[in-house]
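Report on one structure; see the data block that follows.
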Amino acid sequence: MSNEANPFESLQQQVQQAAAELDVDDDVIDRLSNPERVLDLNLSVELDDGTIGVFEAYRAQFNGDRGPYKGGIRYHPGVTRAEVKALSGWMVYKCAAVNVPYGGGKGGIKVDPSAYSDAELERLTRAYAKELRPLVGENRDIPAPDVNTGQREMNWFKDTYETLEGTTEPGVVTGKAIESGGSRGRVEATGRSVMLVVREAFEEFDWEMEDATVAVQGFGNAGSVAARLIDELGANVVAASDSRGGVYNPDGLDVSAAKAHKTETGALSGFDGATEEISNEELLTMDVDVLVPAALENAIDATLAEDVGAELIAEAANGPLTPEADEILAERDIYVIPDILANAGGVTVSYFEWVQNRQRFSWTEQRVNDELERYITEAFDSMISAYEDRDVTTLRTAMYVVALKRVMRAAEEGGIWP
Ligand code: NAD
């Protein structure tokens, strides 16, 4: 994996490629490819041994023309300001791609959560929520989970905010536990949208799903659910990996058993349903029909892109391809379903969660899944129409054209104040 590529530059390049297809002034593009606000923090937290830990943290609010800023919070030692800015921009275009009424934001804390106790992580999350309190709220900025955060962190965040505000406002964050105002179907939503776009692409290209081979890099929330649901379509997940390496079985992995093994041991490695242990590089270049990168940014760089063996890539992760890799894959006629559509199930069901919170009314899981399917398939169809009508070279540019048009229209109609 290359860590050299700056994800913020990837984002700007993607927006500019879409802008080239539209009649857009440079000043508008400047405005729509830079964040409105980035908060830099150094959080001081008391550690269990009585010393003070200081943690670098960020929250970027990229664009709010279409609604409140929306986006996850990542806990990872590799978090940087540039990464958070890029992720917040991708949220703007993702929300516009699936047409949910949000802008984009993102947050991150530079921390390796595995090195800290639950009590320390709770104090860290509460310190972060305290600093963000003036900027967030169900009408302002609505955080959600991302890498290494989940329901637990969202519950702590919501509790801190509500305590300080002296109110109940479950819609201040999404991705909460059901008992704290979460939505049914939220945990599975990202993987579900990955499955839906793969299904739609197979239909569009008239490919046979039965026994199509699939490799999944990253076996966390997004990757493991995507693997299970694609497997349920009749495809064969032959390889999966996590940060410690991958497993392979040419006859197909039992995805649920692999997940149970990872939950029990902390890694896929050692899974007895595999015939071979493989490296992440081997997985990414494997000769399969579908590759699902579901780990972190820049997983596939130019060198790896030359060797990718898949016909279709569904980006479950945000920004898993460097811009150079994207170009090479386009030249090699490998279809890439972009992150801003493929993993948009997470934010779409976050939107449903927020709607339910505001109405104080819970939907059934069936309703959530049906509505999600409608949003994702409509967005997929709009991407295919733009791809055909505009004769653009990639599905990514087609999806960005659809999204950028929506953001531009909202920005123009809102104007500049004062
Ligand atoms: P997660 O923490 O649940 O899982 C991440 C997985 O990636 C883990 O299995 C980890 O071991 C693996 N991983 C990390 N580094 C790796 C490496 N170098 N090689 C192979 N595997 C590696 O995180 P997640 O929520 O599943 O998020 C994964 C990606 O999906 C991120 O890019 C995130 O931004 C994106 N995403 C997640 C959601 C969501 O709702 N969870 C929504 C949209 C996008």
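The way I read the labels, and the way they are meant: chains A, B, ... in the order of the structure tokens, residue 1 as the first residue of every chain, and ligand 1 as the first ligand shown, with later ones counted on from there.
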Closest pair table for chain A residues within 6 Å of ligand 1, only C-alpha atoms and all ligand atoms, as JSON lines:
```
{"residue": "A:Asp146", "atom": "CA", "partner": "ligand 1", "partner_atom_place_in_ligand_line": "25 (O)", "distance": 4.9}
{"residue": "A:Val147", "atom": "CA", "partner": "ligand 1", "partner_atom_place_in_ligand_line": "23 (O)", "distance": 3.9}
{"residue": "A:Asn148", "atom": "CA", "partner": "ligand 1", "partner_atom_place_in_ligand_line": "2 (O)", "distance": 4.3}
{"residue": "A:Thr190", "atom": "CA", "partner": "ligand 1", "partner_atom_place_in_ligand_line": "40 (O)", "distance": 5.0}
{"residue": "A:Gln217", "atom": "CA", "partner": "ligand 1", "partner_atom_place_in_ligand_line": "20 (C)", "distance": 5.3}
{"residue": "A:Gly218", "atom": "CA", "partner": "ligand 1", "partner_atom_place_in_ligand_line": "7 (O)", "distance": 3.6}
{"residue": "A:Phe219", "atom": "CA", "partner": "ligand 1", "partner_atom_place_in_ligand_line": "9 (O)", "distance": 3.7}
{"residue": "A:Gly220", "atom": "CA", "partner": "ligand 1", "partner_atom_place_in_ligand_line": "4 (O)", "distance": 3.2}
{"residue": "A:Asn221", "atom": "CA", "partner": "ligand 1", "partner_atom_place_in_ligand_line": "26 (O)", "distance": 3.7}
{"residue": "A:Ala222", "atom": "CA", "partner": "ligand 1", "partner_atom_place_in_ligand_line": "26 (O)", "distance": 3.7}
{"residue": "A:Gly223", "atom": "CA", "partner": "ligand 1", "partner_atom_place_in_ligand_line": "26 (O)", "distance": 5.6}
{"residue": "A:Ser241", "atom": "CA", "partner": "ligand 1", "partner_atom_place_in_ligand_line": "20 (C)", "distance": 5.5}
{"residue": "A:Asp242", "atom": "CA", "partner": "ligand 1", "partner_atom_place_in_ligand_line": "21 (N)", "distance": 3.5}
{"residue": "A:Ser243", "atom": "CA", "partner": "ligand 1", "partner_atom_place_in_ligand_line": "22 (C)", "distance": 3.6}
{"residue": "A:Asn280", "atom": "CA", "partner": "ligand 1", "partner_atom_place_in_ligand_line": "19 (N)", "distance": 5.8}
{"residue": "A:Ala294", "atom": "CA", "partner": "ligand 1", "partner_atom_place_in_ligand_line": "29 (C)", "distance": 4.8}
{"residue": "A:Ala295", "atom": "CA", "partner": "ligand 1", "partner_atom_place_in_ligand_line": "7 (O)", "distance": 3.7}
{"residue": "A:Leu296", "atom": "CA", "partner": "ligand 1", "partner_atom_place_in_ligand_line": "32 (O)", "distance": 4.4}
{"residue": "A:Ala316", "atom": "CA", "partner": "ligand 1", "partner_atom_place_in_ligand_line": "30 (O)", "distance": 5.3}
{"residue": "A:Ala317", "atom": "CA", "partner": "ligand 1", "partner_atom_place_in_ligand_line": "32 (O)", "distance": 3.4}
{"residue": "A:Asn318", "atom": "CA", "partner": "ligand 1", "partner_atom_place_in_ligand_line": "32 (O)", "distance": 4.2}
{"residue": "A:Asn343", "atom": "CA", "partner": "ligand 1", "partner_atom_place_in_ligand_line": "43 (C)", "distance": 4.8}
{"residue": "A:Gly346", "atom": "CA", "partner": "ligand 1", "partner_atom_place_in_ligand_line": "40 (O)", "distance": 4.4}
```
I need the chosen residues saved as a PDB file, in the first residue's frame, with C-alpha atoms.
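Writing done, so here's selection_23.pdb:
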```
ATOM      1  CA  ASP A 146     -15.765   5.433  10.641  1.00  0.00           C
ATOM      2  CA  VAL A 147     -12.652   3.265  10.953  1.00  0.00           C
ATOM      3  CA  ASN A 148     -12.223   2.021  14.554  1.00  0.00           C
ATOM      4  CA  THR A 190     -22.462   0.144   3.944  1.00  0.00           C
ATOM      5  CA  GLN A 217      -9.590  -6.498   1.179  1.00  0.00           C
ATOM      6  CA  GLY A 218     -10.451  -5.393   4.746  1.00  0.00           C
ATOM      7  CA  PHE A 219     -12.815  -7.477   6.826  1.00  0.00           C
ATOM      8  CA  GLY A 220     -14.333  -4.942   9.207  1.00  0.00           C
ATOM      9  CA  ASN A 221     -17.810  -3.467   9.134  1.00  0.00           C
ATOM     10  CA  ALA A 222     -17.885  -2.568   5.432  1.00  0.00           C
ATOM     11  CA  GLY A 223     -15.893  -5.517   4.042  1.00  0.00           C
ATOM     12  CA  SER A 241      -7.901 -10.084   4.163  1.00  0.00           C
ATOM     13  CA  ASP A 242      -7.352  -7.797   7.105  1.00  0.00           C
ATOM     14  CA  SER A 243      -4.385  -5.787   8.340  1.00  0.00           C
ATOM     15  CA  ASN A 280      -2.715  -8.243   0.756  1.00  0.00           C
ATOM     16  CA  ALA A 294     -12.714  -2.220   2.041  1.00  0.00           C
ATOM     17  CA  ALA A 295      -9.741  -1.093   4.149  1.00  0.00           C
ATOM     18  CA  LEU A 296      -8.123   2.351   3.817  1.00  0.00           C
ATOM     19  CA  ALA A 316     -16.240  -0.065  -0.235  1.00  0.00           C
ATOM     20  CA  ALA A 317     -13.422   1.997   1.306  1.00  0.00           C
ATOM     21  CA  ASN A 318     -13.086   5.717   0.747  1.00  0.00           C
ATOM     22  CA  ASN A 343     -20.279   2.809   0.178  1.00  0.00           C
ATOM     23  CA  GLY A 346     -23.812   4.061   5.411  1.00  0.00           C
TER      24      GLY A 346
END
```
(request) Return as a PyMOL selection string the full set of residues in segment 161-211 of chain A whose backbone-based DSSP assignment is helix (DSSP H, G or I). (result) chain A and resi 161-165+170-172+178-180+186-205
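Distance check against Gly309 of chain A using only C-alpha atoms: of A:Ile230, A:Met286, A:Leu196, A:Ala258, the minimum falls on A:Met286.
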(message) Need to verify the contact set: Tyr128 of chain A, 9 Å, only C-alpha atoms, exclusion of same-chain residues closer than 6 positions in sequence. Can you return it as a PyMOL selection string?
(response) chain A and resi 41+43+57+109+157
Do you know which residues are at most 9 Å from Val172 of chain A counting only C-alpha atoms, after dropping those on the same chain fewer than 4 positions away, and could you put them as a compact mmCIF listing (two decimals) with N, CA, C and O atoms, in the first residue's frame?
```txt
# COMPACT_ATOMS: atom_id res chain seq x y z
N VAL A 136 -21.43 21.18 16.42
CA VAL A 136 -22.29 20.09 15.97
C VAL A 136 -23.72 20.29 16.43
O VAL A 136 -24.04 21.25 17.15
N GLY A 137 -24.60 19.39 16.04
CA GLY A 137 -26.02 19.49 16.38
C GLY A 137 -26.80 18.94 15.20
O GLY A 137 -26.28 18.91 14.08
N GLU A 138 -28.05 18.55 15.45
CA GLU A 138 -28.76 17.86 14.36
C GLU A 138 -29.04 18.77 13.16
O GLU A 138 -29.32 18.26 12.08
N ASN A 139 -28.93 20.10 13.34
CA ASN A 139 -29.07 21.00 12.19
C ASN A 139 -27.74 21.58 11.73
O ASN A 139 -27.72 22.42 10.84
N ARG A 140 -26.64 21.18 12.38
CA ARG A 140 -25.34 21.80 12.06
C ARG A 140 -24.36 20.82 11.45
O ARG A 140 -23.89 21.00 10.34
N ASP A 141 -24.01 19.83 12.22
CA ASP A 141 -22.97 18.88 11.81
C ASP A 141 -23.25 17.60 12.58
O ASP A 141 -23.42 17.63 13.81
N ILE A 142 -23.31 16.50 11.85
CA ILE A 142 -23.78 15.24 12.44
C ILE A 142 -22.73 14.14 12.24
O ILE A 142 -22.66 13.53 11.17
N PRO A 143 -21.87 13.90 13.24
CA PRO A 143 -20.87 12.84 13.11
C PRO A 143 -21.49 11.43 13.06
O PRO A 143 -22.67 11.23 13.35
N PHE A 157 -20.52 10.02 22.56
CA PHE A 157 -20.56 11.37 21.98
C PHE A 157 -21.92 12.01 22.25
O PHE A 157 -22.01 13.16 22.70
N LYS A 158 -22.96 11.27 21.96
CA LYS A 158 -24.33 11.79 22.14
C LYS A 158 -24.57 12.14 23.61
O LYS A 158 -25.10 13.21 23.93
N TYR A 161 -22.74 15.37 24.54
CA TYR A 161 -23.41 16.54 23.93
C TYR A 161 -24.71 16.85 24.67
O TYR A 161 -24.97 18.01 25.04
N GLU A 162 -25.52 15.83 24.89
CA GLU A 162 -26.82 16.06 25.53
C GLU A 162 -26.64 16.56 26.97
O GLU A 162 -27.40 17.42 27.44
N TRP A 354 -31.49 9.69 11.26
CA TRP A 354 -31.69 11.09 11.65
C TRP A 354 -33.18 11.48 11.46
O TRP A 354 -33.78 12.14 12.29
```
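Between atom CA of Tyr335 of chain A and atom CA of Val214 of chain A the interatomic distance comes to 14.4 Å.
Taking atom CA of Asn249 of chain A and atom CA of Glu306 of chain A as endpoints, the distance between them is 23.9 Å.
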(request) Can you pull out every residue within 8 Å of segment 408-416 of chain A, counting only C-alpha atoms, but drop anything in the same chain fewer than 3 positions away, and send it as an MDAnalysis selection string? (result) chainID A and resid 28 32 65:66 404:405
(message) What's around Val402 of chain A at 8 Å? Count only C-alpha atoms, leave out sequence neighbours fewer than 3 positions away in its own chain, and write the answer as a ChimeraX atom specification.
(response) /A:96-97,382-383,386,398-399,405-406
(request) Write out as an MDAnalysis selection string which residues come within 8 Å of Glu315 of chain A when counting only C-alpha atoms, dropping same-chain ones fewer than 3 positions away. (result) chainID A and resid 194 292:294 318:320 336:339 342:343
Output the selection as a JSON list (two decimals), in the first residue's frame - N, CA, C and O atoms for each residue.
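The result, stored in out_38.json:
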```
[["chain", "number", "residue", "atom", "x", "y", "z"],
["A", 194, "VAL", "N", -22.73, -1.79, -1.11],
["A", 194, "VAL", "CA", -21.68, -2.39, -1.96],
["A", 194, "VAL", "C", -22.30, -3.57, -2.73],
["A", 194, "VAL", "O", -22.13, -3.71, -3.95],
["A", 292, "VAL", "N", -13.22, -6.02, -4.02],
["A", 292, "VAL", "CA", -13.82, -5.03, -3.12],
["A", 292, "VAL", "C", -12.76, -4.54, -2.15],
["A", 292, "VAL", "O", -12.45, -5.21, -1.16],
["A", 293, "PRO", "N", -12.13, -3.38, -2.41],
["A", 293, "PRO", "CA", -11.21, -2.83, -1.41],
["A", 293, "PRO", "C", -12.04, -2.19, -0.30],
["A", 293, "PRO", "O", -12.82, -1.28, -0.55],
["A", 294, "ALA", "N", -11.88, -2.68, 0.92],
["A", 294, "ALA", "CA", -12.71, -2.22, 2.04],
["A", 294, "ALA", "C", -11.85, -1.91, 3.26],
["A", 294, "ALA", "O", -12.27, -2.12, 4.40],
["A", 318, "ASN", "N", -13.18, 4.38, 1.34],
["A", 318, "ASN", "CA", -13.09, 5.72, 0.75],
["A", 318, "ASN", "C", -11.70, 5.89, 0.15],
["A", 318, "ASN", "O", -10.69, 5.66, 0.84],
["A", 319, "GLY", "N", -11.65, 6.28, -1.11],
["A", 319, "GLY", "CA", -10.37, 6.59, -1.76],
["A", 319, "GLY", "C", -9.38, 5.46, -1.82],
["A", 319, "GLY", "O", -8.18, 5.70, -1.64],
["A", 320, "PRO", "N", -9.78, 4.23, -2.13],
["A", 320, "PRO", "CA", -8.79, 3.13, -2.12],
["A", 320, "PRO", "C", -7.84, 3.13, -3.31],
["A", 320, "PRO", "O", -6.85, 2.41, -3.28],
["A", 336, "VAL", "N", -14.73, 0.66, -12.39],
["A", 336, "VAL", "CA", -14.62, 0.98, -10.97],
["A", 336, "VAL", "C", -15.91, 1.68, -10.54],
["A", 336, "VAL", "O", -16.24, 2.74, -11.07],
["A", 337, "ILE", "N", -16.63, 1.06, -9.61],
["A", 337, "ILE", "CA", -17.81, 1.74, -9.05],
["A", 337, "ILE", "C", -17.30, 2.59, -7.89],
["A", 337, "ILE", "O", -16.74, 2.06, -6.92],
["A", 338, "PRO", "N", -17.44, 3.92, -8.02],
["A", 338, "PRO", "CA", -16.74, 4.80, -7.08],
["A", 338, "PRO", "C", -17.30, 4.74, -5.66],
["A", 338, "PRO", "O", -18.49, 4.49, -5.45],
["A", 339, "ASP", "N", -16.38, 5.01, -4.72],
["A", 339, "ASP", "CA", -16.74, 5.06, -3.30],
["A", 339, "ASP", "C", -17.97, 5.91, -3.02],
["A", 339, "ASP", "O", -18.81, 5.53, -2.20],
["A", 342, "ALA", "N", -20.65, 3.45, -4.05],
["A", 342, "ALA", "CA", -20.61, 2.07, -3.54],
["A", 342, "ALA", "C", -20.78, 2.00, -2.02],
["A", 342, "ALA", "O", -21.47, 1.12, -1.51],
["A", 343, "ASN", "N", -20.16, 2.91, -1.28],
["A", 343, "ASN", "CA", -20.28, 2.81, 0.18],
["A", 343, "ASN", "C", -21.28, 3.81, 0.76],
["A", 343, "ASN", "O", -21.33, 4.01, 1.98]]
```
(request) Work out how far apart atom CA of Lys70 of chain A and atom CA of Gly171 of chain A are and give it in Å to one decimal. (result) 11.3 Å
Strand (DSSP E or B) per DSSP on the backbone: members of segment 145-380 of chain A, as an mmCIF file with C-alpha atoms, in the first residue's frame:
```cif
data_model
loop_
_atom_site.group_PDB
_atom_site.id
_atom_site.type_symbol
_atom_site.label_atom_id
_atom_site.label_comp_id
_atom_site.auth_asym_id
_atom_site.auth_seq_id
_atom_site.Cartn_x
_atom_site.Cartn_y
_atom_site.Cartn_z
ATOM 1 C CA PRO A 145 -18.740 6.041 12.897
ATOM 2 C CA THR A 213 -15.405 -14.864 -7.967
ATOM 3 C CA VAL A 214 -14.867 -12.102 -5.418
ATOM 4 C CA ALA A 215 -11.917 -10.897 -3.315
ATOM 5 C CA VAL A 216 -12.415 -8.534 -0.372
ATOM 6 C CA GLN A 217 -9.590 -6.498 1.179
ATOM 7 C CA ASN A 236 -18.171 -16.985 -4.557
ATOM 8 C CA VAL A 237 -15.964 -15.031 -2.132
ATOM 9 C CA VAL A 238 -12.621 -16.765 -2.647
ATOM 10 C CA ALA A 239 -10.323 -14.379 -0.756
ATOM 11 C CA ALA A 240 -10.491 -11.951 2.160
ATOM 12 C CA SER A 241 -7.901 -10.084 4.163
ATOM 13 C CA ASP A 242 -7.352 -7.797 7.105
ATOM 14 C CA GLY A 245 -2.916 -10.766 5.982
ATOM 15 C CA GLY A 246 -5.354 -12.734 3.872
ATOM 16 C CA VAL A 247 -6.938 -16.135 3.387
ATOM 17 C CA TYR A 248 -7.864 -17.910 0.168
ATOM 18 C CA GLU A 276 -3.842 -20.882 1.645
ATOM 19 C CA GLU A 277 -2.682 -17.782 3.492
ATOM 20 C CA ILE A 278 -2.007 -14.864 1.135
ATOM 21 C CA VAL A 290 -14.926 -8.576 -8.501
ATOM 22 C CA LEU A 291 -12.474 -6.870 -6.165
ATOM 23 C CA VAL A 292 -13.824 -5.030 -3.120
ATOM 24 C CA PRO A 293 -11.212 -2.831 -1.412
ATOM 25 C CA ILE A 300 -4.012 0.329 -4.917
ATOM 26 C CA LEU A 312 -14.909 -4.851 -11.671
ATOM 27 C CA ILE A 313 -13.852 -2.956 -8.544
ATOM 28 C CA ALA A 314 -16.478 -1.828 -6.038
ATOM 29 C CA LEU A 321 -7.244 3.979 -5.514
ATOM 30 C CA TYR A 335 -14.804 -0.824 -14.311
ATOM 31 C CA VAL A 336 -14.617 0.980 -10.968
ATOM 32 C CA ILE A 337 -17.806 1.741 -9.054
#
```
